[in-house]
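Asks: File name target_5.cif; file contents mmCIF, C-alpha atoms; full text below.
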data_coords
#
loop_
_atom_site.group_PDB
_atom_site.id
_atom_site.type_symbol
_atom_site.label_atom_id
_atom_site.label_comp_id
_atom_site.auth_asym_id
_atom_site.auth_seq_id
_atom_site.Cartn_x
_atom_site.Cartn_y
_atom_site.Cartn_z
ATOM 1 C CA MET A 1 7.691 -29.234 -8.585
ATOM 2 C CA PRO A 2 10.011 -29.028 -5.554
ATOM 3 C CA GLN A 3 11.265 -25.589 -4.527
ATOM 4 C CA THR A 4 14.887 -24.652 -5.154
ATOM 5 C CA THR A 5 17.016 -23.387 -2.275
ATOM 6 C CA ALA A 6 16.866 -19.879 -3.725
ATOM 7 C CA GLN A 7 13.050 -19.980 -3.902
ATOM 8 C CA ALA A 8 12.837 -21.200 -0.317
ATOM 9 C CA LYS A 9 15.108 -18.405 0.883
ATOM 10 C CA ALA A 10 13.099 -15.823 -1.035
ATOM 11 C CA ARG A 11 9.917 -16.920 0.725
ATOM 12 C CA LYS A 12 11.295 -16.716 4.257
ATOM 13 C CA PRO A 13 10.840 -12.932 4.810
ATOM 14 C CA ALA A 14 7.221 -13.046 3.602
ATOM 15 C CA GLU A 15 6.520 -16.113 5.738
ATOM 16 C CA GLY A 16 7.987 -14.348 8.791
ATOM 17 C CA LEU A 17 5.694 -11.379 8.255
ATOM 18 C CA GLY A 18 2.714 -13.722 7.907
ATOM 19 C CA LEU A 19 3.583 -15.597 11.090
ATOM 20 C CA ARG A 20 3.772 -12.368 13.090
ATOM 21 C CA MET A 21 0.458 -11.256 11.626
ATOM 22 C CA ARG A 22 -1.240 -14.546 12.535
ATOM 23 C CA ALA A 23 0.256 -14.531 16.032
ATOM 24 C CA GLN A 24 -1.038 -11.029 16.746
ATOM 25 C CA ARG A 25 -4.461 -11.915 15.348
ATOM 26 C CA HIS A 26 -4.628 -14.926 17.659
ATOM 27 C CA ARG A 27 -3.581 -12.771 20.639
ATOM 28 C CA LEU A 28 -6.632 -10.634 19.938
ATOM 29 C CA SER A 29 -8.841 -13.729 19.456
ATOM 30 C CA MET A 30 -9.742 -12.346 16.045
ATOM 31 C CA THR A 31 -10.891 -14.399 13.058
ATOM 32 C CA LEU A 32 -9.778 -13.651 9.516
ATOM 33 C CA GLN A 33 -13.305 -12.463 8.768
ATOM 34 C CA GLN A 34 -13.194 -10.015 11.672
ATOM 35 C CA LEU A 35 -9.775 -8.768 10.601
ATOM 36 C CA SER A 36 -11.086 -8.312 7.068
ATOM 37 C CA VAL A 37 -14.043 -6.210 8.230
ATOM 38 C CA THR A 38 -11.843 -4.054 10.473
ATOM 39 C CA SER A 39 -8.980 -3.562 8.021
ATOM 40 C CA GLY A 40 -10.908 -3.368 4.754
ATOM 41 C CA VAL A 41 -8.669 -6.089 3.263
ATOM 42 C CA SER A 42 -10.255 -9.211 1.771
ATOM 43 C CA VAL A 43 -10.234 -12.512 3.674
ATOM 44 C CA GLY A 44 -8.589 -14.272 0.747
ATOM 45 C CA TYR A 45 -5.721 -11.805 0.597
ATOM 46 C CA LEU A 46 -5.207 -11.835 4.377
ATOM 47 C CA SER A 47 -5.005 -15.628 4.240
ATOM 48 C CA GLN A 48 -2.355 -15.443 1.502
ATOM 49 C CA VAL A 49 -0.277 -13.008 3.549
ATOM 50 C CA GLU A 50 -0.454 -15.199 6.654
ATOM 51 C CA ARG A 51 0.683 -18.227 4.639
ATOM 52 C CA GLY A 52 3.583 -16.313 3.120
ATOM 53 C CA ASN A 53 2.111 -16.459 -0.382
ATOM 54 C CA ALA A 54 1.651 -12.697 -0.757
ATOM 55 C CA THR A 55 3.478 -9.594 0.400
ATOM 56 C CA PRO A 56 1.336 -6.480 0.956
ATOM 57 C CA THR A 57 2.354 -2.986 -0.030
ATOM 58 C CA LEU A 58 3.247 -0.641 2.799
ATOM 59 C CA GLY A 59 -0.201 0.967 2.612
ATOM 60 C CA THR A 60 -2.061 -2.332 2.973
ATOM 61 C CA LEU A 61 0.318 -3.461 5.718
ATOM 62 C CA THR A 62 -0.517 -0.308 7.659
ATOM 63 C CA GLN A 63 -4.252 -1.037 7.303
ATOM 64 C CA ILE A 64 -3.681 -4.541 8.683
ATOM 65 C CA ALA A 65 -1.484 -3.244 11.510
ATOM 66 C CA GLN A 66 -4.105 -0.713 12.616
ATOM 67 C CA ALA A 67 -6.757 -3.429 12.692
ATOM 68 C CA LEU A 68 -4.425 -5.603 14.794
ATOM 69 C CA GLU A 69 -3.879 -2.709 17.235
ATOM 70 C CA VAL A 70 -0.194 -2.271 16.436
ATOM 71 C CA ASP A 71 1.661 0.192 14.217
ATOM 72 C CA ALA A 72 3.331 -0.711 10.945
ATOM 73 C CA GLY A 73 6.664 -0.791 12.762
ATOM 74 C CA TYR A 74 5.544 -4.087 14.339
ATOM 75 C CA PHE A 75 6.130 -5.656 10.908
ATOM 76 C CA VAL A 76 8.644 -3.326 9.273
ATOM 77 C CA ARG A 77 10.604 -0.428 10.727
ATOM 78 C CA PRO A 78 10.888 2.370 8.172
ATOM 79 C CA PRO A 79 13.653 4.900 8.867
ATOM 80 C CA ARG A 80 12.501 8.039 10.644
ATOM 81 C CA ALA A 81 13.428 11.298 9.009
ATOM 82 C CA VAL A 82 15.208 13.482 11.555
ATOM 83 C CA ASP A 83 14.450 16.571 9.513
ATOM 84 C CA SER A 84 11.793 17.624 7.018
ATOM 85 C CA LEU A 85 14.490 18.009 4.362
ATOM 86 C CA THR A 86 15.629 14.915 2.444
ATOM 87 C CA ARG A 87 18.222 14.887 -0.341
ATOM 88 C CA GLY A 88 18.186 12.565 -3.332
ATOM 89 C CA ALA A 89 21.629 11.086 -2.744
ATOM 90 C CA GLY A 90 21.085 10.281 0.926
ATOM 91 C CA ARG A 91 17.358 9.701 1.269
ATOM 92 C CA PRO A 92 16.435 6.880 3.723
ATOM 93 C CA LYS A 93 15.298 3.696 1.930
ATOM 94 C CA PHE A 94 13.532 0.572 3.140
ATOM 95 C CA ALA A 95 11.400 -2.350 1.957
ATOM 96 C CA VAL A 96 8.655 -4.569 3.342
ATOM 97 C CA ALA A 97 10.047 -8.055 3.976
ATOM 98 C CA GLY A 98 9.433 -10.238 0.945
ATOM 99 C CA SER A 99 8.513 -7.317 -1.350
ATOM 100 C CA SER A 100 10.507 -6.231 -4.403
ATOM 101 C CA ILE A 101 9.470 -2.567 -4.009
ATOM 102 C CA GLU A 102 12.024 -0.184 -2.538
ATOM 103 C CA TYR A 103 10.573 2.833 -0.707
ATOM 104 C CA GLU A 104 12.331 6.172 -0.307
ATOM 105 C CA GLN A 105 11.253 8.145 2.756
ATOM 106 C CA ILE A 106 9.957 11.589 1.763
ATOM 107 C CA GLY A 107 7.563 12.642 4.515
ATOM 108 C CA ALA A 108 8.665 13.364 8.068
ATOM 109 C CA GLU A 109 6.660 12.085 11.015
ATOM 110 C CA ARG A 110 5.490 15.061 13.029
ATOM 111 C CA ALA A 111 2.665 15.494 15.502
ATOM 112 C CA GLY A 112 -0.418 16.782 13.722
ATOM 113 C CA HIS A 113 0.796 15.894 10.234
ATOM 114 C CA GLU A 114 -1.792 14.081 8.109
ATOM 115 C CA LEU A 115 0.109 13.496 4.863
ATOM 116 C CA THR A 116 2.422 10.576 4.124
ATOM 117 C CA SER A 117 4.778 10.488 1.149
ATOM 118 C CA PHE A 118 7.227 8.061 -0.470
ATOM 119 C CA VAL A 119 9.059 7.547 -3.727
ATOM 120 C CA MET A 120 8.374 3.965 -4.781
ATOM 121 C CA ASN A 121 10.812 2.107 -7.006
ATOM 122 C CA VAL A 122 8.685 -0.489 -8.800
ATOM 123 C CA PRO A 123 10.432 -3.348 -10.636
ATOM 124 C CA PRO A 124 9.232 -4.707 -13.996
ATOM 125 C CA GLY A 125 6.308 -7.113 -13.746
ATOM 126 C CA TYR A 126 5.176 -5.992 -10.280
ATOM 127 C CA GLU A 127 1.425 -6.078 -9.539
ATOM 128 C CA SER A 128 -0.065 -4.664 -6.343
ATOM 129 C CA GLU A 129 -3.074 -6.020 -4.484
ATOM 130 C CA VAL A 130 -6.487 -4.338 -4.766
ATOM 131 C CA VAL A 131 -7.048 -2.079 -1.749
ATOM 132 C CA THR A 132 -9.627 0.299 -0.300
ATOM 133 C CA HIS A 133 -9.323 2.701 2.626
ATOM 134 C CA ILE A 134 -10.630 6.019 3.886
ATOM 135 C CA GLY A 135 -8.578 8.942 2.577
ATOM 136 C CA GLU A 136 -7.136 10.006 -0.750
ATOM 137 C CA GLU A 137 -3.993 9.563 -2.824
ATOM 138 C CA ILE A 138 -2.000 11.401 -5.478
ATOM 139 C CA ILE A 139 0.581 9.653 -7.635
ATOM 140 C CA TYR A 140 3.069 11.289 -10.007
ATOM 141 C CA ILE A 141 5.214 9.252 -12.397
ATOM 142 C CA LEU A 142 8.902 10.155 -12.173
ATOM 143 C CA GLU A 143 10.314 7.406 -14.392
ATOM 144 C CA GLY A 144 8.929 4.576 -16.509
ATOM 145 C CA GLU A 145 5.275 3.652 -16.960
ATOM 146 C CA ILE A 146 2.518 2.430 -14.638
ATOM 147 C CA SER A 147 -0.941 0.971 -15.199
ATOM 148 C CA GLN A 148 -3.241 2.314 -12.469
ATOM 149 C CA MET A 149 -6.702 0.836 -11.911
ATOM 150 C CA VAL A 150 -9.275 2.927 -10.027
ATOM 151 C CA GLY A 151 -12.645 1.229 -9.862
ATOM 152 C CA GLU A 152 -13.224 -0.238 -13.329
ATOM 153 C CA ARG A 153 -11.141 2.358 -15.137
ATOM 154 C CA GLU A 154 -7.514 1.830 -16.183
ATOM 155 C CA TYR A 155 -5.051 4.705 -16.503
ATOM 156 C CA LEU A 156 -1.874 4.099 -18.500
ATOM 157 C CA MET A 157 0.545 6.634 -17.048
ATOM 158 C CA GLY A 158 3.975 7.798 -18.189
ATOM 159 C CA VAL A 159 6.573 10.307 -17.010
ATOM 160 C CA GLY A 160 4.937 13.546 -15.871
ATOM 161 C CA ASP A 161 1.432 12.058 -15.583
ATOM 162 C CA SER A 162 -0.429 12.282 -12.283
ATOM 163 C CA LEU A 163 -3.673 11.035 -10.781
ATOM 164 C CA HIS A 164 -5.723 12.070 -7.735
ATOM 165 C CA TYR A 165 -8.370 9.668 -6.400
ATOM 166 C CA LEU A 166 -10.312 8.605 -3.310
ATOM 167 C CA GLY A 167 -8.993 5.613 -1.397
ATOM 168 C CA SER A 168 -12.533 4.313 -0.875
ATOM 169 C CA THR A 169 -12.636 3.344 -4.560
ATOM 170 C CA PRO A 170 -10.945 -0.073 -5.060
ATOM 171 C CA HIS A 171 -7.574 0.556 -6.663
ATOM 172 C CA CYS A 172 -4.367 -1.211 -7.662
ATOM 173 C CA TRP A 173 -1.431 -0.677 -9.985
ATOM 174 C CA SER A 174 1.204 -2.574 -11.921
ATOM 175 C CA ASN A 175 4.369 -2.164 -13.946
ATOM 176 C CA LYS A 176 3.712 -4.078 -17.160
ATOM 177 C CA THR A 177 6.942 -2.966 -18.809
ATOM 178 C CA SER A 178 10.506 -4.281 -18.785
ATOM 179 C CA ARG A 179 11.851 -1.137 -17.085
ATOM 180 C CA LEU A 180 11.948 0.122 -13.511
ATOM 181 C CA ALA A 181 9.260 2.700 -12.678
ATOM 182 C CA ARG A 182 9.522 5.389 -10.002
ATOM 183 C CA ILE A 183 6.390 6.897 -8.478
ATOM 184 C CA LEU A 184 6.030 9.847 -6.146
ATOM 185 C CA TRP A 185 3.158 8.831 -3.874
ATOM 186 C CA VAL A 186 1.379 11.239 -1.514
ATOM 187 C CA GLY A 187 -1.599 10.218 0.564
ATOM 188 C CA ARG A 188 -3.871 11.188 3.393
ATOM 189 C CA MET A 189 -5.011 7.919 4.908
ATOM 190 C CA GLN A 190 -7.178 7.141 7.893
ATOM 191 C CA TYR A 191 -6.450 3.458 8.310
ATOM 192 C CA ASP A 192 -8.136 3.276 11.691
ATOM 193 C CA LYS A 193 -11.407 4.105 9.926
ATOM 194 C CA SER A 194 -11.093 1.475 7.201
ATOM 195 C CA GLY A 195 -13.999 -0.437 8.715
ATOM 196 C CA GLU A 196 -16.256 2.481 7.827
ATOM 197 C CA ILE A 197 -15.774 1.937 4.086
ATOM 198 C CA GLY A 198 -18.964 -0.109 3.778
ATOM 199 C CA GLN A 199 -20.994 2.754 5.256
ATOM 200 C CA LEU A 200 -19.222 5.235 3.010
ATOM 201 C CA GLU A 201 -19.877 3.160 -0.119
ATOM 202 C CA ALA A 202 -23.570 2.956 0.722
ATOM 203 C CA THR A 203 -23.673 6.740 0.928
ATOM 204 C CA GLN A 204 -21.725 7.151 -2.305
ATOM 205 C CA GLN A 205 -23.909 4.867 -4.383
ATOM 206 C CA GLU A 206 -25.935 7.921 -5.384
ATOM 207 C CA ILE A 207 -22.838 9.983 -6.130
ATOM 208 C CA THR A 208 -20.899 9.776 -9.389
ATOM 209 C CA ARG A 209 -17.201 9.428 -8.563
ATOM 210 C CA GLU A 210 -15.068 11.595 -10.796
ATOM 211 C CA MET A 211 -11.389 10.709 -11.111
ATOM 212 C CA LEU A 212 -9.108 13.687 -11.235
ATOM 213 C CA PRO A 213 -6.316 13.070 -13.755
ATOM 214 C CA LEU A 214 -4.174 16.206 -13.738
ATOM 215 C CA ARG A 215 -3.219 15.624 -17.364
ATOM 216 C CA PRO A 216 -5.555 14.431 -20.178
#
Transcribe the structure of this file into structure tokens.
Replies:
Amino acid sequence: MPQTTAQAKARKPAEGLGLRMRAQRHRLSMTLQQLSVTSGVSVGYLSQVERGNATPTLGTLTQIAQALEVDAGYFVRPPRAVDSLTRGAGRPKFAVAGSSIEYEQIGAERAGHELTSFVMNVPPGYESEVVTHIGEEIIYILEGEISQMVGEREYLMGVGDSLHYLGSTPHCWSNKTSRLARILWVGRMQYDKSGEIGQLEATQQEITREMLPLRP
């Protein structure tokens, strides 16, 4: 079925991101397999992003950027908070090109800071990619409902629910409802060490991972 003009226009931002990603990978003489190993993102998903058929979340985009020896601003320039205080009515907002998620800047970039934080506005029907990385994450549901997968376990989360988990466990999330969901996301991520996940998983095979839901 031929694409409509609207569909073609909707694809352009994602295709532009993919072209920049491929160009930088070629500058580094890096194969998709090498980029996958370094970033911790699957070859299949990287290929989809390069072809404009998928748009990564900001977290996955940062993993890819680190592996390509650039910062996330090479692909998308989030607003920089000039102060540690942000107010609800005037909080800086941005989106990854081609993505339907709107991010609200919460954390301020300061030397020595390790935490990153956003409020994510997730539209109905959205499904994220499966990701792994070194670090940890906490999510808190502000509005709506979210289905969060961590490993093989699914958490159906509503307003006031929260979850704390290791990034090295494969995880993804989706909004299966017909309403907008808002998530407060806080994470400590070490994207430049994503290539160490394989070593970490080998060590953790003898350890039982315990998810830490803050509410039953």
Asks: Written as a ChimeraX atom specification, which residues does the PyMOL selection byres ((chain A and resi 119) around 10) give for the file shown?
Replies: /A:91,93,102-107,117-118,120-122,139-142,182-186
Asks: Might you spell out which residues the PyMOL selection byres ((chain A and resi 126) around 6) would select in the displayed file, as number ranges by chain?
Replies: A: 123-125, 127, 174-175
Asks: Dump C-alpha atoms for the selected residues as a JSON list (two decimals), keeping the file's coordinate frame?
Replies:
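Okay, this is what ended up in part-v6.json:
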[["chain", "number", "residue", "atom", "x", "y", "z"],
["A", 123, "PRO", "CA", 10.43, -3.35, -10.64],
["A", 124, "PRO", "CA", 9.23, -4.71, -14.00],
["A", 125, "GLY", "CA", 6.31, -7.11, -13.75],
["A", 127, "GLU", "CA", 1.42, -6.08, -9.54],
["A", 174, "SER", "CA", 1.20, -2.57, -11.92],
["A", 175, "ASN", "CA", 4.37, -2.16, -13.95]]
Asks: With distances taken over all atoms listed in the file, which residue among A:Gly135, A:Gly40, A:Gly90, A:Gly167 lies nearest A:Ala67?
Replies: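 Result for the nearest residue to A:Ala67: A:Gly40.
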Asks: Please expand the PyMOL selection byres ((chain A and resi 56) around 9) into the concrete residues it hits in this file, giving the result as a PyMOL selection string.
Replies: chain A and resi 45+49+54-55+57-61+96+98-99+128-129
Asks: Residues within 6 Å of stretch 146-160 of chain A, please, as a PDB file with C-alpha atoms, in the frame of the given file. Count all atoms listed in the file; anything in the same chain fewer than 6 positions from it doesn't count.
Replies:
ATOM      1  CA  THR A 169     -12.636   3.344  -4.560  1.00  0.00           C
ATOM      2  CA  PRO A 170     -10.945  -0.073  -5.060  1.00  0.00           C
ATOM      3  CA  HIS A 171      -7.574   0.556  -6.663  1.00  0.00           C
ATOM      4  CA  CYS A 172      -4.367  -1.211  -7.662  1.00  0.00           C
ATOM      5  CA  TRP A 173      -1.431  -0.677  -9.985  1.00  0.00           C
ATOM      6  CA  SER A 174       1.204  -2.574 -11.921  1.00  0.00           C
ATOM      7  CA  ASN A 175       4.369  -2.164 -13.946  1.00  0.00           C
TER       8      ASN A 175
END
Asks: If you measure from atom CA of A:Tyr74 to atom CA of A:Asn53, what distance in Å do you get, rounded to one decimal?
Replies: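 That distance, rounded to one decimal, is 19.5 Å.
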Asks: Taking only C-alpha atoms into account, which of A:Leu28, A:Leu85, A:Leu19, A:Val130 comes nearest A:Val70?
Replies: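 Residue with the minimum atom-to-atom distance to A:Val70: A:Leu28.
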Asks: Determine the nearest neighbour of A:Gly44 from the options A:Val76, A:Leu32, A:His164, A:Thr132, counting all atoms listed in the file.
Replies: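 Distance minimum relative to A:Gly44 lands on A:Leu32.
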Asks: Nearest residue to A:Ser47 out of A:His133, A:Arg188, A:Lys176, A:Arg22, using all atoms listed in the file?
Replies: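 Looking at the shortest contact to A:Ser47, the residue is A:Arg22.
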Asks: Tell me which of A:Leu180, A:Leu17, A:Met30, A:Val37 sits closest to A:Glu50, counting all atoms listed in the file.
Replies: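 Once distances to A:Glu50 are computed over all atoms listed in the file, the minimum belongs to A:Leu17.
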Asks: Any chance you could work out the axis-aligned box around stretch 50-66 of chain A, listed atoms only, 5 Å on each side, giving centre and edge lengths in Å to one decimal, as lines of an AutoDock Vina configuration file?
Replies:
center_x = -0.3
center_y = -8.6
center_z = 5.9
size_x = 17.8
size_y = 29.2
size_z = 23.4
Asks: When you draw a straight line from atom CA of A:Leu115 to atom CA of A:Ser84, how long is it in Å?
Replies: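 Result for atom CA of A:Leu115 versus atom CA of A:Ser84: 12.6 Å, one decimal.
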Asks: Which residue, A:Ser29, A:Gln63, A:Ser162, A:Ser168, has the smallest gap to A:Leu46 when you use only C-alpha atoms?
Replies: A:Gln63
Asks: Just give me the gap between atom CA of A:Arg51 and atom CA of A:Ala23 in Å, one decimal is fine.
Replies: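 Pair atom CA of A:Arg51 / atom CA of A:Ala23 returns 12.0 Å.
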